[in-house]
$ cat target-v2.csv   # CSV, C-alpha atoms
chain,number,residue,atom,x,y,z
A,207,MET,CA,-43.4,93.8,-1.1
A,208,LYS,CA,-42.5,90.9,-3.4
A,209,ILE,CA,-45.6,90.0,-5.5
A,210,LEU,CA,-45.9,87.0,-7.9
A,211,LEU,CA,-48.5,87.7,-10.6
A,212,VAL,CA,-49.9,84.4,-12.1
A,213,THR,CA,-52.1,85.0,-15.1
A,214,LEU,CA,-53.8,83.1,-17.9
A,215,LEU,CA,-53.9,86.3,-20.0
A,216,HIS,CA,-50.9,88.5,-20.8
A,217,PRO,CA,-49.7,90.2,-24.0
A,218,LEU,CA,-47.5,87.9,-26.1
A,219,PRO,CA,-44.8,88.9,-28.6
A,220,THR,CA,-47.2,88.3,-31.5
A,221,ASN,CA,-50.4,89.4,-29.8
A,222,ALA,CA,-49.9,92.7,-28.0
A,223,ALA,CA,-53.7,93.1,-27.3
A,224,ARG,CA,-54.0,89.9,-25.3
A,225,GLY,CA,-54.5,90.6,-21.5
A,226,ALA,CA,-53.4,94.2,-21.7
A,227,PHE,CA,-55.4,94.9,-18.5
A,228,VAL,CA,-53.1,92.4,-16.6
A,229,ALA,CA,-50.0,94.1,-18.0
A,230,ASP,CA,-51.5,97.5,-16.8
A,231,HIS,CA,-52.0,96.1,-13.3
A,232,ALA,CA,-48.4,94.7,-13.2
A,233,GLN,CA,-47.1,98.2,-14.1
A,234,LEU,CA,-49.4,99.8,-11.5
A,235,LEU,CA,-48.0,97.5,-8.8
A,236,ARG,CA,-44.5,98.3,-9.8
A,237,ASP,CA,-45.2,102.0,-9.8
A,238,MET,CA,-46.5,101.5,-6.2
A,239,GLY,CA,-43.0,100.3,-5.3
A,240,HIS,CA,-43.6,96.5,-5.3
A,241,ASP,CA,-41.2,93.9,-6.7
A,242,VAL,CA,-43.3,92.1,-9.3
A,243,ARG,CA,-42.6,88.8,-11.2
A,244,ILE,CA,-45.0,87.4,-13.8
A,245,ILE,CA,-45.9,83.8,-14.6
A,246,ASN,CA,-48.1,83.3,-17.7
A,247,PRO,CA,-48.9,79.6,-18.1
A,248,LEU,CA,-49.9,78.7,-21.7
A,249,PRO,CA,-51.7,75.6,-22.9
A,250,ARG,CA,-50.0,73.3,-25.4
A,251,LEU,CA,-51.5,74.1,-28.8
A,252,LEU,CA,-51.0,73.3,-32.4
A,253,LYS,CA,-51.1,76.4,-34.7
A,254,TYR,CA,-54.6,75.6,-36.1
A,255,MET,CA,-56.1,75.4,-32.6
A,256,GLU,CA,-55.6,79.2,-32.2
A,257,GLN,CA,-58.6,79.7,-34.5
A,258,SER,CA,-61.0,78.5,-31.8
A,259,ARG,CA,-60.6,81.7,-29.7
A,260,SER,CA,-59.1,85.1,-30.5
A,261,THR,CA,-57.3,85.2,-27.1
A,262,LEU,CA,-55.3,82.1,-28.2
A,263,THR,CA,-53.7,83.9,-31.1
A,264,GLY,CA,-49.9,83.7,-30.7
A,265,VAL,CA,-50.0,81.0,-28.0
A,266,SER,CA,-48.7,78.0,-30.0
A,267,LYS,CA,-45.4,79.6,-30.9
A,268,ALA,CA,-44.9,81.8,-27.9
A,269,PRO,CA,-41.4,81.5,-26.3
A,270,LYS,CA,-40.9,80.1,-22.8
A,271,THR,CA,-39.5,83.5,-21.7
A,272,PHE,CA,-40.0,86.9,-23.2
A,273,GLU,CA,-40.1,90.6,-22.2
A,274,HIS,CA,-42.9,93.1,-22.1
A,275,ASN,CA,-42.8,96.6,-20.6
A,276,ASP,CA,-39.4,95.8,-19.0
A,277,PHE,CA,-40.9,92.7,-17.3
A,278,GLU,CA,-39.5,89.3,-17.9
A,279,ILE,CA,-42.3,86.8,-18.4
A,280,TYR,CA,-42.1,83.1,-17.8
A,281,ALA,CA,-44.6,81.0,-19.8
A,282,PRO,CA,-44.5,77.3,-18.8
A,283,ARG,CA,-46.8,74.9,-20.8
A,284,TYR,CA,-49.6,72.9,-19.4
A,285,VAL,CA,-52.1,70.4,-20.9
A,286,ALA,CA,-55.7,71.5,-21.5
A,287,TYR,CA,-58.6,70.5,-23.8
A,288,THR,CA,-61.4,72.5,-25.3
A,289,ASP,CA,-64.2,72.9,-22.9
A,290,HIS,CA,-62.2,71.2,-20.2
A,291,PRO,CA,-63.7,67.6,-20.2
A,292,TYR,CA,-60.9,66.4,-17.9
A,293,PRO,CA,-60.3,69.3,-15.4
A,294,TRP,CA,-58.3,67.0,-13.1
A,295,LEU,CA,-55.8,66.5,-15.9
A,296,THR,CA,-55.4,70.3,-16.5
A,297,SER,CA,-55.2,71.0,-12.7
A,298,ARG,CA,-52.4,68.4,-12.2
A,299,SER,CA,-50.5,69.5,-15.3
A,300,ILE,CA,-50.4,73.2,-14.3
A,301,ARG,CA,-49.5,72.3,-10.7
A,302,ASN,CA,-46.6,70.2,-12.0
A,303,ARG,CA,-45.0,73.4,-13.3
A,304,GLN,CA,-43.9,74.3,-9.7
A,305,ARG,CA,-40.3,73.1,-9.9
A,306,SER,CA,-39.6,74.8,-13.2
A,307,ILE,CA,-41.1,78.1,-11.7
A,308,GLU,CA,-38.9,77.8,-8.6
A,309,LYS,CA,-35.8,77.2,-10.9
A,310,TRP,CA,-36.7,80.3,-12.9
A,311,LEU,CA,-37.3,82.5,-9.8
A,312,GLY,CA,-34.0,81.3,-8.2
A,313,SER,CA,-33.8,82.4,-4.6
A,314,TRP,CA,-36.6,85.0,-5.1
A,315,ARG,CA,-39.8,84.1,-3.2
A,316,PRO,CA,-43.0,86.2,-3.1
A,317,ASP,CA,-44.7,87.7,0.0
A,318,HIS,CA,-48.0,87.5,-1.9
A,319,ILE,CA,-49.4,85.8,-5.0
A,320,VAL,CA,-52.1,87.4,-7.2
A,321,ALA,CA,-53.9,85.2,-9.7
A,322,HIS,CA,-55.6,87.1,-12.6
A,323,THR,CA,-58.6,84.8,-13.5
A,324,LEU,CA,-59.0,81.6,-11.6
A,325,TRP,CA,-59.3,78.7,-14.0
A,326,PRO,CA,-56.9,77.1,-14.4
A,327,VAL,CA,-54.1,79.4,-13.1
A,328,GLY,CA,-55.8,79.6,-9.7
A,329,GLU,CA,-54.8,76.0,-9.2
A,330,LEU,CA,-51.1,76.9,-9.6
A,331,ALA,CA,-51.5,80.0,-7.4
A,332,ARG,CA,-53.1,78.0,-4.6
A,333,SER,CA,-50.5,75.2,-4.8
A,334,LEU,CA,-47.5,77.7,-4.8
A,335,ALA,CA,-49.1,79.6,-1.9
A,336,ASN,CA,-49.4,76.4,0.2
A,337,ARG,CA,-45.9,75.4,-0.8
A,338,TRP,CA,-44.3,78.7,0.2
A,339,LYS,CA,-46.7,79.5,3.1
A,340,VAL,CA,-47.8,82.9,1.7
A,341,PRO,CA,-51.3,84.3,1.1
A,342,TRP,CA,-52.9,84.5,-2.4
A,343,THR,CA,-55.6,86.6,-3.9
A,344,GLY,CA,-57.8,85.7,-6.9
A,345,VAL,CA,-59.0,88.4,-9.3
A,346,VAL,CA,-62.2,87.8,-11.3
A,347,HIS,CA,-62.8,89.8,-14.5
A,348,GLY,CA,-66.0,88.0,-15.7
A,349,HIS,CA,-65.7,84.6,-17.3
A,350,ASP,CA,-65.0,82.7,-14.1
A,351,VAL,CA,-68.3,83.9,-12.7
A,352,ASP,CA,-70.5,84.4,-15.8
A,353,VAL,CA,-69.5,81.1,-17.4
A,354,GLY,CA,-67.1,79.1,-15.2
A,355,LEU,CA,-69.1,78.8,-12.0
A,356,THR,CA,-72.1,77.1,-13.7
A,357,HIS,CA,-69.9,75.0,-16.0
A,358,SER,CA,-70.6,71.3,-15.7
A,359,THR,CA,-66.9,70.3,-15.3
A,360,THR,CA,-65.1,73.4,-13.9
A,361,GLY,CA,-67.8,74.9,-11.7
A,362,LYS,CA,-66.9,73.0,-8.6
A,363,ARG,CA,-63.2,73.7,-9.0
A,364,ILE,CA,-63.7,77.4,-9.5
A,365,LYS,CA,-65.9,77.5,-6.4
A,366,SER,CA,-63.2,75.7,-4.4
A,367,LEU,CA,-60.6,78.1,-5.6
A,368,MET,CA,-62.7,81.1,-4.6
A,369,GLU,CA,-63.4,79.7,-1.1
A,370,SER,CA,-59.8,78.8,-0.4
A,371,ALA,CA,-58.3,82.1,-1.5
A,372,ASP,CA,-57.2,84.5,1.3
A,373,SER,CA,-59.1,87.2,-0.5
A,374,MET,CA,-61.0,87.6,-3.8
A,375,VAL,CA,-61.1,90.8,-5.9
A,376,PHE,CA,-64.1,91.4,-8.2
A,377,VAL,CA,-63.8,94.2,-10.8
A,378,SER,CA,-67.5,95.0,-10.4
A,379,ASP,CA,-70.2,94.7,-7.7
A,380,ARG,CA,-72.3,92.6,-10.1
A,381,LEU,CA,-69.7,89.9,-10.2
A,382,ARG,CA,-69.5,89.8,-6.4
A,383,THR,CA,-73.3,89.6,-6.1
A,384,THR,CA,-73.6,86.9,-8.7
A,385,THR,CA,-70.9,84.9,-6.9
A,386,GLN,CA,-72.8,85.2,-3.6
A,387,ASP,CA,-76.1,84.3,-5.2
A,388,LEU,CA,-74.5,81.1,-6.5
A,389,GLY,CA,-73.7,80.1,-2.9
A,390,VAL,CA,-69.9,80.7,-2.9
A,391,GLN,CA,-68.5,81.5,0.6
A,392,VAL,CA,-65.5,83.8,0.1
A,393,LYS,CA,-63.2,84.7,3.1
A,394,LYS,CA,-62.7,88.3,2.1
A,395,THR,CA,-64.1,90.2,-0.9
A,396,TYR,CA,-62.9,93.5,-2.5
A,397,ILE,CA,-64.4,95.4,-5.4
A,398,ILE,CA,-61.5,96.9,-7.3
A,399,ALA,CA,-61.9,98.1,-10.9
A,400,CYS,CA,-59.3,97.9,-13.5
A,401,HIS,CA,-57.9,101.4,-13.7
A,402,SER,CA,-58.2,103.6,-16.8
A,403,GLU,CA,-55.8,106.3,-17.9
A,404,MET,CA,-54.7,107.8,-21.2
A,405,ASP,CA,-51.3,108.9,-22.4
A,406,GLY,CA,-51.3,112.6,-23.2
A,407,GLU,CA,-50.5,111.9,-26.9
A,408,TRP,CA,-54.0,110.4,-27.3
A,409,ALA,CA,-56.1,112.2,-24.7
A,410,ARG,CA,-58.8,114.4,-26.3
A,411,PRO,CA,-61.8,116.3,-25.1
A,412,MET,CA,-65.2,115.2,-26.5
A,413,LYS,CA,-66.6,117.4,-29.2
A,414,LYS,CA,-69.9,117.7,-31.1
A,415,TRP,CA,-69.9,116.1,-34.5
A,416,LYS,CA,-70.0,118.6,-37.4
A,417,GLY,CA,-71.2,117.7,-40.9
A,418,ARG,CA,-74.3,117.4,-43.1
A,419,TRP,CA,-76.9,115.4,-41.2
A,420,ARG,CA,-77.5,111.9,-42.8
A,421,ARG,CA,-75.4,112.8,-45.8
A,422,GLU,CA,-71.9,112.3,-44.5
A,423,SER,CA,-69.5,109.5,-44.0
A,424,ILE,CA,-69.3,108.3,-40.3
A,425,ASP,CA,-66.9,105.8,-38.8
A,426,ILE,CA,-68.4,103.4,-36.3
A,427,LEU,CA,-65.8,101.6,-34.1
A,428,PHE,CA,-66.7,98.1,-33.0
A,429,PRO,CA,-64.0,97.8,-30.4
A,430,ALA,CA,-63.6,94.0,-30.3
A,431,ASP,CA,-62.7,90.9,-32.4
A,432,PRO,CA,-65.8,90.0,-34.5
A,433,ARG,CA,-64.9,86.3,-34.0
A,434,ARG,CA,-65.8,86.4,-30.3
A,435,PRO,CA,-69.5,85.4,-30.1
A,436,GLU,CA,-70.2,87.3,-26.9
A,437,LYS,CA,-69.3,90.6,-28.6
A,438,ASN,CA,-72.4,90.2,-30.9
A,439,HIS,CA,-70.8,91.7,-34.1
A,440,TYR,CA,-74.0,90.8,-36.1
A,441,LEU,CA,-76.0,93.3,-34.0
A,442,ALA,CA,-73.4,96.0,-34.8
A,443,LEU,CA,-73.7,95.3,-38.5
A,444,GLN,CA,-77.5,95.5,-38.3
A,445,THR,CA,-77.2,98.9,-36.6
A,446,GLY,CA,-74.9,100.1,-39.4
A,447,GLU,CA,-77.4,98.9,-42.0
A,448,ILE,CA,-80.2,100.9,-40.3
A,449,LEU,CA,-78.0,104.0,-40.3
A,450,GLU,CA,-77.2,103.5,-44.0
A,451,GLN,CA,-81.0,103.3,-44.7
A,452,ARG,CA,-81.3,106.7,-43.1
A,453,GLY,CA,-78.8,108.2,-45.4
A,454,TRP,CA,-75.4,107.9,-43.6
A,455,ILE,CA,-72.4,106.4,-45.4
A,456,VAL,CA,-71.2,104.0,-42.7
A,457,GLY,CA,-67.7,102.6,-42.3
A,458,MET,CA,-67.2,100.1,-39.5
A,459,THR,CA,-63.8,99.5,-38.0
A,460,THR,CA,-63.1,96.4,-35.9
A,461,LEU,CA,-60.3,95.7,-33.5
A,462,LYS,CA,-58.4,92.4,-33.3
A,463,GLN,CA,-54.8,92.0,-32.1
A,464,GLN,CA,-53.6,95.6,-32.5
A,465,PRO,CA,-51.2,97.2,-30.0
A,466,ARG,CA,-52.7,99.8,-27.7
A,467,SER,CA,-51.3,102.7,-29.6
A,468,ILE,CA,-53.1,101.6,-32.8
A,469,VAL,CA,-56.3,101.0,-30.8
A,470,TRP,CA,-56.2,104.5,-29.4
A,471,ASP,CA,-55.5,105.9,-32.9
A,472,ARG,CA,-58.6,104.3,-34.2
A,473,MET,CA,-60.7,105.5,-31.3
A,474,ILE,CA,-59.5,109.1,-32.0
A,475,VAL,CA,-60.6,109.0,-35.7
A,476,ALA,CA,-64.0,107.2,-34.9
A,477,ASP,CA,-67.2,109.2,-34.7
A,478,VAL,CA,-68.9,106.7,-32.3
A,479,THR,CA,-67.8,103.6,-30.4
A,480,LEU,CA,-70.5,100.9,-30.5
A,481,ILE,CA,-70.5,98.1,-27.9
A,482,THR,CA,-73.1,95.4,-28.5
A,483,SER,CA,-71.8,92.7,-26.2
A,484,TYR,CA,-73.9,90.1,-24.3
A,485,ARG,CA,-71.5,90.3,-21.3
A,486,GLU,CA,-68.5,92.4,-20.3
A,487,SER,CA,-66.6,93.1,-17.1
A,488,GLY,CA,-65.7,96.7,-17.9
A,489,PRO,CA,-65.6,97.1,-20.7
A,490,LEU,CA,-62.3,99.0,-20.6
A,491,VAL,CA,-62.6,100.0,-24.3
A,492,ALA,CA,-65.6,102.2,-23.3
A,493,ARG,CA,-63.6,104.2,-20.9
A,494,GLU,CA,-60.6,104.5,-23.2
A,495,SER,CA,-62.8,105.7,-26.0
A,496,ILE,CA,-64.2,108.5,-23.8
A,497,LEU,CA,-60.6,109.5,-22.8
A,498,CYS,CA,-59.8,109.6,-26.5
A,499,GLY,CA,-62.7,112.0,-27.1
A,500,THR,CA,-65.1,109.6,-28.8
A,501,PRO,CA,-68.7,109.1,-27.5
A,502,VAL,CA,-69.9,105.5,-26.7
A,503,VAL,CA,-73.2,103.8,-27.3
A,504,SER,CA,-73.5,100.4,-25.5
A,505,THR,CA,-75.7,97.6,-24.4
A,506,ASN,CA,-76.2,97.5,-20.7
A,507,VAL,CA,-73.2,95.4,-19.8
A,508,GLY,CA,-70.4,95.8,-17.2
A,509,ASP,CA,-70.4,99.1,-15.4
A,510,VAL,CA,-71.2,101.4,-18.4
A,511,ALA,CA,-74.5,102.5,-16.8
A,512,THR,CA,-72.6,104.1,-13.9
A,513,TYR,CA,-71.0,106.8,-16.1
A,514,LEU,CA,-72.7,106.9,-19.5
A,515,PRO,CA,-75.9,109.0,-19.9
A,516,SER,CA,-78.9,106.7,-19.8
A,517,GLU,CA,-79.9,107.4,-23.5
A,518,PHE,CA,-76.6,105.8,-24.6
A,519,VAL,CA,-77.0,102.6,-22.5
A,520,LEU,CA,-79.7,100.2,-23.9
A,521,ASP,CA,-81.5,97.5,-22.0
A,522,ASP,CA,-83.4,96.4,-25.1
A,523,PRO,CA,-80.7,96.8,-27.8
A,524,THR,CA,-82.5,96.5,-31.1
A,525,PRO,CA,-80.7,97.8,-34.2
A,526,GLU,CA,-83.2,100.7,-34.5
A,527,ALA,CA,-82.7,101.7,-30.9
A,528,LEU,CA,-78.9,101.5,-31.2
A,529,ALA,CA,-79.0,103.6,-34.5
A,530,ASP,CA,-81.1,106.2,-32.6
A,531,ALA,CA,-78.6,106.3,-29.8
A,532,CYS,CA,-75.7,106.7,-32.3
A,533,GLU,CA,-77.4,109.6,-33.9
A,534,ALA,CA,-78.1,111.1,-30.5
A,535,ALA,CA,-74.4,110.8,-29.7
A,536,LEU,CA,-73.5,112.6,-32.9
A,537,GLU,CA,-76.0,115.4,-32.1
A,538,THR,CA,-74.9,115.9,-28.5
A,539,ASP,CA,-72.7,119.0,-27.6
A,540,TRP,CA,-70.2,117.1,-25.4
A,541,SER,CA,-68.3,120.3,-24.6
A,542,SER,CA,-71.2,121.5,-22.5
A,543,SER,CA,-72.1,118.1,-21.0
A,544,PRO,CA,-68.9,116.0,-20.9
A,545,ILE,CA,-68.8,112.4,-19.6
A,546,ILE,CA,-66.8,112.2,-16.4
A,547,LEU,CA,-65.4,108.8,-15.5
A,548,PRO,CA,-65.8,107.8,-11.8
A,549,HIS,CA,-62.9,108.3,-9.5
A,550,ARG,CA,-62.9,104.5,-8.6
A,551,VAL,CA,-61.3,103.7,-12.0
A,552,SER,CA,-58.4,106.2,-11.6
A,553,ALA,CA,-54.9,104.9,-11.0
A,554,GLU,CA,-54.7,106.8,-7.7
A,555,LYS,CA,-57.9,105.1,-6.3
A,556,VAL,CA,-57.0,101.6,-7.5
A,557,SER,CA,-53.5,102.0,-6.1
A,558,GLN,CA,-55.0,102.9,-2.7
A,559,GLN,CA,-57.4,99.9,-2.8
A,560,TRP,CA,-54.6,97.4,-3.6
A,561,SER,CA,-52.4,98.9,-0.9
A,562,SER,CA,-55.2,98.4,1.6
A,563,LEU,CA,-55.7,94.8,0.5
A,564,LEU,CA,-52.0,93.9,0.7
A,565,GLN,CA,-51.5,95.7,4.0
A,566,GLY,CA,-54.5,94.0,5.5
A,567,LEU,CA,-53.2,90.5,4.6
A,568,GLU,CA,-49.8,91.4,6.0
A,569,GLU,CA,-51.4,92.3,9.4
A,570,GLU,CA,-53.2,89.0,9.5
A,571,GLU,CA,-49.9,87.1,9.2

$ encode --input "target-v2.csv" --output "structure tokens"
Amino acid sequence: MKILLVTLLHPLPTNAARGAFVADHAQLLRDMGHDVRIINPLPRLLKYMEQSRSTLTGVSKAPKTFEHNDFEIYAPRYVAYTDHPYPWLTSRSIRNRQRSIEKWLGSWRPDHIVAHTLWPVGELARSLANRWKVPWTGVVHGHDVDVGLTHSTTGKRIKSLMESADSMVFVSDRLRTTTQDLGVQVKKTYIIACHSEMDGEWARPMKKWKGRWRRESIDILFPADPRRPEKNHYLALQTGEILEQRGWIVGMTTLKQQPRSIVWDRMIVADVTLITSYRESGPLVARESILCGTPVVSTNVGDVATYLPSEFVLDDPTPEALADACEAALETDWSSSPIILPHRVSAEKVSQQWSSLLQGLEEEE
């Protein structure tokens, strides 16, 4: 099948960490035998504007076409303003990119369009689907539901996109339930997680920490960009301070725009991965840390409670409670009680679910 992947987030030449989960999905679809083309619309920005959000790093100077993982990416520009005070302008601007996209695609036309995130690229996906008379599927990872649906300017547009899509994919049941509670009537819904797998070079079994208790140096990994407020870096720093008061020598490593290989290297050398976010869809870094052999302590966000032991998932994440959980993770003999990730996040299961979705839509045509 020919699949056009339209996405707001995708790795850029100078920001390899941006939208890595979308690049993973594109590769998965290609491995399944599909012919995949990728459109990554980017807002027009001046260099200083990248500082407003870490995911915008590298956007201002990104080329119109570039390659990533043997995919050629087309990145047309559209007009957008911070907090979207004029959503109609953004919608019209991104839809006006249709002719340049057709020129780039040449005679190639998709059988199906997949939009990763809805605002604003869902506007383009819907418009192209209507133009070419093909079905389109929206994929929600968190922000569109947790923030966008209740936003004063974009909420109605996101709801309209969800209800007009031929199908909607939510990466967790929580996102689907929240969408339904907000009164959105979706034609078809699927819960398909982002898959997680680890290259053999970085895969490690989890082992018990060895060293002098409360007298050794430990490396705490904060697997996010501290500039993103929803990641709650301050709470992680408070947790490190409590651990130091108990006698530990704490080093805290953060992640910004590093390539995946460097991220996994840092997971391997860390003693504990600490997630203090207010909201997450996965988070994928929790699964990747486990596959790298590093235990995870987390606030109760995303789907971590479905596979992490309850003592390492905190509903009331005070610094003291997180410090207790970090020490418990260091004390645990993981070789006798390893964490097993659920089958639903395996590449095999995710491939089967996407095959069912695409085949189902084919039958309806």

$ closest_residue --input "target-v2.csv" --among "A:Val320, A:Ala223, A:Ile209, A:Leu443" --to "Gln463 in chain A" --atoms "only C-alpha atoms"
A:Ala223

$ residues_near_point --input "target-v2.csv" --point "(-40.9, 96.5, -3.0)" --cutoff "6 Å" --atoms "only C-alpha atoms" --output "list in words"
Met207, Lys208, Gly239, His240 and Asp241 of chain A

$ closest_residue --input "target-v2.csv" --among "A:Cys400, A:Ala226, A:Met458, A:Leu564" --to "Gly488 in chain A" --atoms "only C-alpha atoms"
A:Cys400

$ residues_around --input "target-v2.csv" --residues "Pro341 in chain A" --least-positions-apart "4" --cutoff "8 Å" --atoms "all atoms listed in the file" --output "list in words"
Asp317, His318, Ile319, Ala335, Ala371, Asp372 and Leu567 of chain A

$ atom_distance --input "target-v2.csv" --atom1 "CA of Asp477 in chain A" --atom2 "CA of Gly417 in chain A"
11.3 Å

$ atom_distance --input "target-v2.csv" --atom1 "CA of Trp560 in chain A" --atom2 "CA of Ala430 in chain A"
28.4 Å

$ closest_atom_pairs --input "target-v2.csv" --of "range 346-433 of chain A" --to "range 479-483 of chain A" --cutoff "7 Å" --atoms "all atoms listed in the file" --output "tab-separated table"
residue	atom	partner	partner_atom	distance
A:Ile426	CA	A:Thr479	CA	5.9
A:Leu427	CA	A:Thr479	CA	4.7
A:Phe428	CA	A:Leu480	CA	5.3
A:Pro429	CA	A:Thr479	CA	6.9

$ write_last_selection --input "target-v2.csv" --atoms "C-alpha atoms" --output "tab-separated table (two decimals), in the frame of the given file"
chain	number	residue	atom	x	y	z
A	426	ILE	CA	-68.40	103.40	-36.30
A	427	LEU	CA	-65.80	101.60	-34.10
A	428	PHE	CA	-66.70	98.10	-33.00
A	429	PRO	CA	-64.00	97.80	-30.40

$ closest_residue --input "target-v2.csv" --among "A:Ala399, A:Ala527, A:Val392, A:Met473" --to "Val491 in chain A" --atoms "only C-alpha atoms"
A:Met473

$ closest_atom_pairs --input "target-v2.csv" --of "range 393-478 of chain A" --to "range 257-276 of chain A" --cutoff "9 Å" --atoms "only C-alpha atoms" --output "JSON lines"
{"residue": "A:Asp431", "atom": "CA", "partner": "A:Ser260", "partner_atom": "CA", "distance": 7.1}
{"residue": "A:Arg433", "atom": "CA", "partner": "A:Ser260", "partner_atom": "CA", "distance": 6.9}
{"residue": "A:Arg434", "atom": "CA", "partner": "A:Ser260", "partner_atom": "CA", "distance": 6.8}
{"residue": "A:Lys462", "atom": "CA", "partner": "A:Ser260", "partner_atom": "CA", "distance": 7.8}
{"residue": "A:Gln463", "atom": "CA", "partner": "A:Thr263", "partner_atom": "CA", "distance": 8.2}

$ atom_distance --input "target-v2.csv" --atom1 "CA of Leu547 in chain A" --atom2 "CA of Leu490 in chain A"
11.5 Å

$ closest_residue --input "target-v2.csv" --among "A:Tyr254, A:Tyr292, A:Trp314, A:Tyr284" --to "Val242 in chain A" --atoms "only C-alpha atoms"
A:Trp314

$ residues_around --input "target-v2.csv" --residues "range 502-517 of chain A" --least-positions-apart "3" --cutoff "9 Å" --atoms "all atoms listed in the file" --output "PyMOL selection string"
chain A and resi 378-380+478-489+492-493+495-496+520-523+528+531-532+534-535+545-548

$ write_last_selection --input "target-v2.csv" --atoms "C-alpha atoms" --output "compact mmCIF listing (two decimals), keeping the file's coordinate frame"
# COMPACT_ATOMS: atom_id res chain seq x y z
CA SER A 378 -67.50 95.00 -10.40
CA ASP A 379 -70.20 94.70 -7.70
CA ARG A 380 -72.30 92.60 -10.10
CA VAL A 478 -68.90 106.70 -32.30
CA THR A 479 -67.80 103.60 -30.40
CA LEU A 480 -70.50 100.90 -30.50
CA ILE A 481 -70.50 98.10 -27.90
CA THR A 482 -73.10 95.40 -28.50
CA SER A 483 -71.80 92.70 -26.20
CA TYR A 484 -73.90 90.10 -24.30
CA ARG A 485 -71.50 90.30 -21.30
CA GLU A 486 -68.50 92.40 -20.30
CA SER A 487 -66.60 93.10 -17.10
CA GLY A 488 -65.70 96.70 -17.90
CA PRO A 489 -65.60 97.10 -20.70
CA ALA A 492 -65.60 102.20 -23.30
CA ARG A 493 -63.60 104.20 -20.90
CA SER A 495 -62.80 105.70 -26.00
CA ILE A 496 -64.20 108.50 -23.80
CA LEU A 520 -79.70 100.20 -23.90
CA ASP A 521 -81.50 97.50 -22.00
CA ASP A 522 -83.40 96.40 -25.10
CA PRO A 523 -80.70 96.80 -27.80
CA LEU A 528 -78.90 101.50 -31.20
CA ALA A 531 -78.60 106.30 -29.80
CA CYS A 532 -75.70 106.70 -32.30
CA ALA A 534 -78.10 111.10 -30.50
CA ALA A 535 -74.40 110.80 -29.70
CA ILE A 545 -68.80 112.40 -19.60
CA ILE A 546 -66.80 112.20 -16.40
CA LEU A 547 -65.40 108.80 -15.50
CA PRO A 548 -65.80 107.80 -11.80

$ residues_near_point --input "target-v2.csv" --point "(-61.8, 110.6, -30.2)" --cutoff "10 Å" --atoms "only C-alpha atoms" --output "PyMOL selection string"
chain A and resi 408-413+470-479+494-501

$ residues_around --input "target-v2.csv" --residues "Arg332 in chain A" --least-positions-apart "4" --cutoff "8 Å" --atoms "all atoms listed in the file" --output "number ranges by chain"
A: 328, 336, 342, 367, 370-371

$ residues_around --input "target-v2.csv" --residues "Leu441 in chain A" --least-positions-apart "4" --cutoff "8 Å" --atoms "only C-alpha atoms" --output "list in words"
Thr445, Thr482, Thr524 and Pro525 of chain A

$ build_atoms --input "target-v2.csv" --residues "range 413-420 of chain A" --atoms "N, CA, C and O atoms" --output "mmCIF file, in the frame of the given file"
data_model
loop_
_atom_site.group_PDB
_atom_site.id
_atom_site.type_symbol
_atom_site.label_atom_id
_atom_site.label_comp_id
_atom_site.auth_asym_id
_atom_site.auth_seq_id
_atom_site.Cartn_x
_atom_site.Cartn_y
_atom_site.Cartn_z
ATOM 1 N N LYS A 413 -66.037 116.295 -28.431
ATOM 2 C CA LYS A 413 -66.600 117.400 -29.200
ATOM 3 C C LYS A 413 -67.812 116.986 -29.969
ATOM 4 O O LYS A 413 -67.949 115.815 -30.333
ATOM 5 N N LYS A 414 -68.675 117.936 -30.265
ATOM 6 C CA LYS A 414 -69.900 117.700 -31.100
ATOM 7 C C LYS A 414 -69.468 117.378 -32.513
ATOM 8 O O LYS A 414 -68.592 118.033 -33.067
ATOM 9 N N TRP A 415 -70.123 116.401 -33.124
ATOM 10 C CA TRP A 415 -69.900 116.100 -34.500
ATOM 11 C C TRP A 415 -70.386 117.182 -35.423
ATOM 12 O O TRP A 415 -71.453 117.750 -35.179
ATOM 13 N N LYS A 416 -69.637 117.504 -36.456
ATOM 14 C CA LYS A 416 -70.000 118.600 -37.400
ATOM 15 C C LYS A 416 -70.069 117.979 -38.806
ATOM 16 O O LYS A 416 -69.126 117.325 -39.225
ATOM 17 N N GLY A 417 -71.128 118.254 -39.530
ATOM 18 C CA GLY A 417 -71.200 117.700 -40.900
ATOM 19 C C GLY A 417 -72.700 117.779 -41.334
ATOM 20 O O GLY A 417 -73.597 118.164 -40.584
ATOM 21 N N ARG A 418 -72.925 117.371 -42.562
ATOM 22 C CA ARG A 418 -74.300 117.400 -43.100
ATOM 23 C C ARG A 418 -75.037 116.151 -42.535
ATOM 24 O O ARG A 418 -74.601 115.024 -42.667
ATOM 25 N N TRP A 419 -76.173 116.432 -41.937
ATOM 26 C CA TRP A 419 -76.900 115.400 -41.200
ATOM 27 C C TRP A 419 -77.444 114.354 -42.229
ATOM 28 O O TRP A 419 -78.111 114.656 -43.204
ATOM 29 N N ARG A 420 -77.094 113.097 -41.968
ATOM 30 C CA ARG A 420 -77.500 111.900 -42.800
ATOM 31 C C ARG A 420 -77.069 112.019 -44.215
ATOM 32 O O ARG A 420 -77.676 111.392 -45.089
#
